[in-house]
Amino acid sequence: MTTTQRLSRREWAAGIGSAFVLPQLAAAKDPIKVLLIDGQNNHAWAKTSPVLKQLLEDTKMFTVDVLTSPPKKGDFSTFKPEFSKYKVVVSNYNGDSWPADVNAAFEKFVKDGGGLVSYHAADNAFPEWVEFNKMIAIGGWGNRDEKAGPYYYMHDGKMVHDPKPGRAGNHGARLPFKVVVRDPKHPIMKGMPAEWMHAADELYSKLRGPGENVTVMGTAFSDVSNKGTGEDEPMLMTIPYGKGRVFHTTLGHDVEAMKCVGFIVTLQRGTEWAATGKVTQKLPTDFPTADKVSTRG
Ligand code: ZN
C-alpha cells in the first residue's frame with residue numbers, strides 16, 4: 001500500500017506540474033541566446049553595445065549576454081567565452097588578438113553550426129586570423145593589403161575580385177546613402193523595397209579578403225565625390241562557414257546611424273538568420289523607402 005501511495009503521490013505531483021508548466025512552455029518560445037562581445041574597438045563600443053542588446057531584445061526573440069574583454073594589452077588568461085551556451089555571437093570587437101585556445105573554440109563553435117554577426121568595425125579585427133577572415137569574407141584596415149585577398153565589389157551588376165595591390169578599408173564623410181537589395185529572396189531581405197535610404201553613416205569601401213562563398217545581399221554606391229571608389233560596395237553579406245552561418249553588416253558606425261530602421265531590421269533579421277537559418281520577423285511598416293530615411297528614437 002505504501003508503495004502504491006508514494007507512486008500515486010508522485011504521479012499526482014507530476015500531473016499538477018504538467019498542468020501548470022506545460023501550457024506556459026508552449027506559449028513562450030525558447031529565446032535565442034546571443035553572446036555580444038565587446039571591450040576593445042576604435043569605436044564607442046560602450047555606447048553601441050547597449051543599443052545592439054536593446055534592439056535585439058526588443059524583438060522578444062533574443063536574450064543577450066554581454067562579454068567585455070580585458071582592455072588593450074590586458075591579461076586575457078581569464079577570457080574564456082562559453083560559446084557553446086549560445087546560438088549566435090555578435091561581434092562589436094576590434095582589438096587585441098584572442099588567445100589561440102579561444103580562437104580554436106570559436107572556430108569549432110561556428111563550424112558546428114553556431115552563428116556570427118560581424119557588426120561594423122568588427123570586420124577590421126583580426127587581420128592575421130585566417131579562419132576569422134574566411135568567416136567575414138572581407139575586411140578593412142588592420143594593415144590588410146593584397147596579401148589578405150582581392151578587393152571585392154560590384155561593377156555593372158557583377159561581383160568583381162580585384163587583386164590589385166593596396167590598403168584595405170576606406171570611407172568618406174557620414175552621409176545618408178541608398179542601399180540596393182541584391183538578393184531579394186534571401187530571408188533577411190525579403191519584402192524590402194528594391195532600394196532604401198540608410199541614415200547618415202560611414203559607407204565602407206575597399207574591403208578585401210578571401211571572399212569565399214560570400215553572398216552580397218545589399219550594396220551601396222561609393223561616390224568619388226565623398227572619397228569613394230565609384231563602385232557598388234558590399235554592405236550586407238552572408239557567408240556559410242562549416243555548418244554555421246555568418247551575417248556581416250558594415251553599417252552602424254554610431255548610435256545615430258543605428259537609429260535607421262534599415263539598420264535595425266537587418267540587425268534583427270540577420271541575427272535570427274545567423275542563429276537559426278530562418279527569419280520569422282515581418283518587415284515593419286516604418287521601413288525606409290527609396291527616397292526617405294526612416295529612424296526610431
Ligand atoms: Zn566607423
# chains A, B, ... in the order shown; residues from 1 in each chain; ligands from 1

$ residues_around --residues "His253 in chain A" --least-positions-apart "6" --cutoff "7 Å" --atoms "only C-alpha atoms" --output "VMD selection string"
chain A and resid 120 201 to 202

$ residues_around --residues "range 53-70 of chain A" --least-positions-apart "3" --cutoff "8 Å" --atoms "only C-alpha atoms" --output "PyMOL selection string"
chain A and resi 30-40+49-50+73-76+79+81+264+267-268

$ residues_near_ligand --ligand "ligand 1" --cutoff "10 Å" --atoms "only C-alpha atoms and all ligand atoms" --output "number ranges by chain"
A: 41-44, 120-122, 124, 170-171, 174, 201-204, 250-254, 257

$ select_by_dssp --residues "range 87-281 of chain A" --states "helix (DSSP H, G or I)" --output "PyMOL selection string"
chain A and resi 100-111+120-124+130-136+146-148+224-226+257-259+261-276

$ write_last_selection --atoms "N, CA and C atoms" --output "short mmCIF file (atom, residue, chain, number, x, y, z; two decimals), in the first residue's frame"
data_model
loop_
_atom_site.label_atom_id
_atom_site.label_comp_id
_atom_site.auth_asym_id
_atom_site.auth_seq_id
_atom_site.Cartn_x
_atom_site.Cartn_y
_atom_site.Cartn_z
N ALA A 100 45.05 31.67 -28.52
CA ALA A 100 44.84 30.63 -29.54
C ALA A 100 43.72 29.67 -29.16
N ASP A 101 43.60 29.36 -27.86
CA ASP A 101 42.55 28.40 -27.48
C ASP A 101 41.15 29.00 -27.64
N VAL A 102 41.04 30.32 -27.46
CA VAL A 102 39.74 30.99 -27.67
C VAL A 102 39.41 30.99 -29.16
N ASN A 103 40.42 31.30 -29.99
CA ASN A 103 40.20 31.24 -31.44
C ASN A 103 39.73 29.86 -31.87
N ALA A 104 40.41 28.83 -31.35
CA ALA A 104 40.07 27.45 -31.73
C ALA A 104 38.64 27.11 -31.28
N ALA A 105 38.28 27.54 -30.08
CA ALA A 105 36.93 27.27 -29.57
C ALA A 105 35.89 27.99 -30.42
N PHE A 106 36.21 29.20 -30.85
CA PHE A 106 35.27 29.97 -31.66
C PHE A 106 35.10 29.33 -33.06
N GLU A 107 36.22 28.90 -33.64
CA GLU A 107 36.14 28.22 -34.94
C GLU A 107 35.28 26.97 -34.84
N LYS A 108 35.46 26.22 -33.77
CA LYS A 108 34.66 25.00 -33.57
C LYS A 108 33.17 25.36 -33.42
N PHE A 109 32.91 26.41 -32.65
CA PHE A 109 31.53 26.85 -32.41
C PHE A 109 30.82 27.13 -33.74
N VAL A 110 31.46 27.89 -34.63
CA VAL A 110 30.80 28.24 -35.89
C VAL A 110 30.75 27.02 -36.81
N LYS A 111 31.88 26.28 -36.90
CA LYS A 111 31.91 25.07 -37.74
C LYS A 111 30.80 24.10 -37.37
N HIS A 120 29.74 46.30 -38.16
CA HIS A 120 30.56 47.47 -38.49
C HIS A 120 32.07 47.16 -38.33
N ALA A 121 32.76 47.80 -37.39
CA ALA A 121 34.22 47.69 -37.32
C ALA A 121 34.72 46.33 -36.84
N ALA A 122 33.80 45.41 -36.52
CA ALA A 122 34.25 44.04 -36.21
C ALA A 122 35.00 43.44 -37.40
N ASP A 123 34.71 43.95 -38.61
CA ASP A 123 35.42 43.42 -39.79
C ASP A 123 36.77 44.10 -40.00
N ASN A 124 37.15 44.94 -39.04
CA ASN A 124 38.51 45.48 -39.03
C ASN A 124 39.44 44.58 -38.20
N VAL A 130 43.33 33.61 -39.98
CA VAL A 130 42.89 33.12 -41.29
C VAL A 130 41.42 32.70 -41.27
N GLU A 131 41.03 31.90 -40.26
CA GLU A 131 39.67 31.37 -40.24
C GLU A 131 38.64 32.48 -39.99
N PHE A 132 38.97 33.45 -39.17
CA PHE A 132 38.05 34.57 -38.95
C PHE A 132 37.81 35.32 -40.25
N ASN A 133 38.87 35.50 -41.02
CA ASN A 133 38.72 36.21 -42.30
C ASN A 133 37.90 35.42 -43.31
N LYS A 134 37.95 34.08 -43.21
CA LYS A 134 37.06 33.27 -44.04
C LYS A 134 35.61 33.49 -43.61
N MET A 135 35.40 33.61 -42.30
CA MET A 135 34.03 33.81 -41.79
C MET A 135 33.44 35.13 -42.28
N ILE A 136 34.22 36.21 -42.21
CA ILE A 136 33.67 37.53 -42.57
C ILE A 136 33.81 37.82 -44.07
N GLU A 146 47.00 43.48 -50.22
CA GLU A 146 46.71 42.44 -51.22
C GLU A 146 46.94 41.02 -50.68
N LYS A 147 47.77 40.90 -49.64
CA LYS A 147 48.01 39.57 -49.07
C LYS A 147 46.75 39.01 -48.40
N ALA A 148 45.82 39.91 -48.04
CA ALA A 148 44.57 39.47 -47.38
C ALA A 148 43.61 38.83 -48.37
N VAL A 224 32.72 58.95 -55.70
CA VAL A 224 34.07 59.54 -55.69
C VAL A 224 34.06 60.94 -55.09
N SER A 225 32.90 61.61 -55.13
CA SER A 225 32.84 62.96 -54.56
C SER A 225 32.88 62.93 -53.04
N ASN A 226 32.74 61.74 -52.45
CA ASN A 226 32.87 61.59 -50.99
C ASN A 226 33.95 60.54 -50.69
N ALA A 257 23.52 56.42 -36.51
CA ALA A 257 23.32 55.53 -37.67
C ALA A 257 22.47 54.32 -37.30
N MET A 258 22.56 53.90 -36.04
CA MET A 258 21.81 52.72 -35.57
C MET A 258 20.33 53.00 -35.37
N LYS A 259 19.94 54.28 -35.47
CA LYS A 259 18.51 54.63 -35.37
C LYS A 259 17.77 54.33 -36.67
N VAL A 261 15.90 52.51 -39.40
CA VAL A 261 15.08 51.29 -39.35
C VAL A 261 15.68 50.21 -40.25
N GLY A 262 16.35 50.61 -41.31
CA GLY A 262 17.04 49.64 -42.17
C GLY A 262 18.16 48.93 -41.42
N PHE A 263 18.92 49.68 -40.62
CA PHE A 263 19.95 49.06 -39.78
C PHE A 263 19.31 48.11 -38.77
N ILE A 264 18.27 48.61 -38.10
CA ILE A 264 17.62 47.84 -37.03
C ILE A 264 17.10 46.51 -37.57
N VAL A 265 16.36 46.59 -38.68
CA VAL A 265 15.73 45.38 -39.23
C VAL A 265 16.78 44.39 -39.73
N THR A 266 17.82 44.89 -40.40
CA THR A 266 18.82 43.95 -40.90
C THR A 266 19.60 43.32 -39.74
N LEU A 267 19.82 44.08 -38.66
CA LEU A 267 20.47 43.50 -37.48
C LEU A 267 19.59 42.42 -36.86
N GLN A 268 18.32 42.75 -36.66
CA GLN A 268 17.41 41.80 -36.00
C GLN A 268 17.20 40.55 -36.85
N ARG A 269 16.96 40.76 -38.12
CA ARG A 269 16.74 39.61 -39.01
C ARG A 269 18.04 38.84 -39.24
N GLY A 270 19.14 39.57 -39.43
CA GLY A 270 20.43 38.91 -39.68
C GLY A 270 20.87 38.06 -38.50
N THR A 271 20.56 38.52 -37.28
CA THR A 271 20.95 37.76 -36.08
C THR A 271 20.09 36.49 -35.98
N GLU A 272 18.80 36.62 -36.28
CA GLU A 272 17.94 35.43 -36.26
C GLU A 272 18.40 34.42 -37.31
N TRP A 273 18.72 34.94 -38.50
CA TRP A 273 19.16 34.05 -39.59
C TRP A 273 20.48 33.35 -39.21
N ALA A 274 21.43 34.12 -38.66
CA ALA A 274 22.72 33.52 -38.29
C ALA A 274 22.52 32.44 -37.22
N ALA A 275 21.54 32.66 -36.33
CA ALA A 275 21.29 31.70 -35.25
C ALA A 275 20.55 30.46 -35.72
N THR A 276 19.60 30.65 -36.64
CA THR A 276 18.67 29.55 -36.96
C THR A 276 18.59 29.18 -38.44
#

$ select_by_dssp --residues "range 45-164 of chain A" --states "strand (DSSP E)" --output "list in words"
Phe62, Thr63, Val64, Asp65, Val66, Leu67, Thr68, Val88, Val89, Val90, Ser91, Gly115, Leu116, Val117, Ser118, Tyr119, Tyr151, Tyr152, Tyr153, Met154, His155, Lys158, Met159, Val160, His161 and Asp162 of chain A

$ atom_distance --atom1 "CA of Phe126 in chain A" --atom2 "CA of Lys72 in chain A"
13.7 Å

$ atom_distance --atom1 "CA of Val88 in chain A" --atom2 "CA of Gly277 in chain A"
11.1 Å

$ atom_distance --atom1 "CA of Gly242 in chain A" --atom2 "CA of Gly169 in chain A"
26.7 Å

$ closest_residue --among "A:Tyr153, A:Trp98, A:Phe83, A:Phe177" --to "Gly115 in chain A" --atoms "only C-alpha atoms"
A:Phe83

$ residues_around --residues "Trp196 in chain A" --least-positions-apart "4" --cutoff "9 Å" --atoms "only C-alpha atoms" --output "VMD selection string"
chain A and resid 177 to 181 192 262 287 to 293

$ residues_around --residues "Lys206 in chain A" --least-positions-apart "3" --cutoff "8 Å" --atoms "only C-alpha atoms" --output "short mmCIF file (atom, residue, chain, number, x, y, z; two decimals) with C-alpha atoms, in the first residue's frame"
data_model
loop_
_atom_site.label_atom_id
_atom_site.label_comp_id
_atom_site.auth_asym_id
_atom_site.auth_seq_id
_atom_site.Cartn_x
_atom_site.Cartn_y
_atom_site.Cartn_z
CA GLY A 140 39.25 46.52 -43.88
CA TYR A 151 39.17 43.75 -53.27
CA TYR A 152 35.59 42.63 -53.61
CA TYR A 153 32.95 44.97 -55.07
CA ARG A 167 45.45 49.07 -48.47
CA ALA A 168 42.07 47.78 -47.37
CA GLY A 169 39.36 49.90 -45.82
CA ASN A 170 38.07 53.33 -46.70
CA THR A 229 35.66 54.23 -55.25
CA GLU A 233 30.32 48.26 -52.37
#
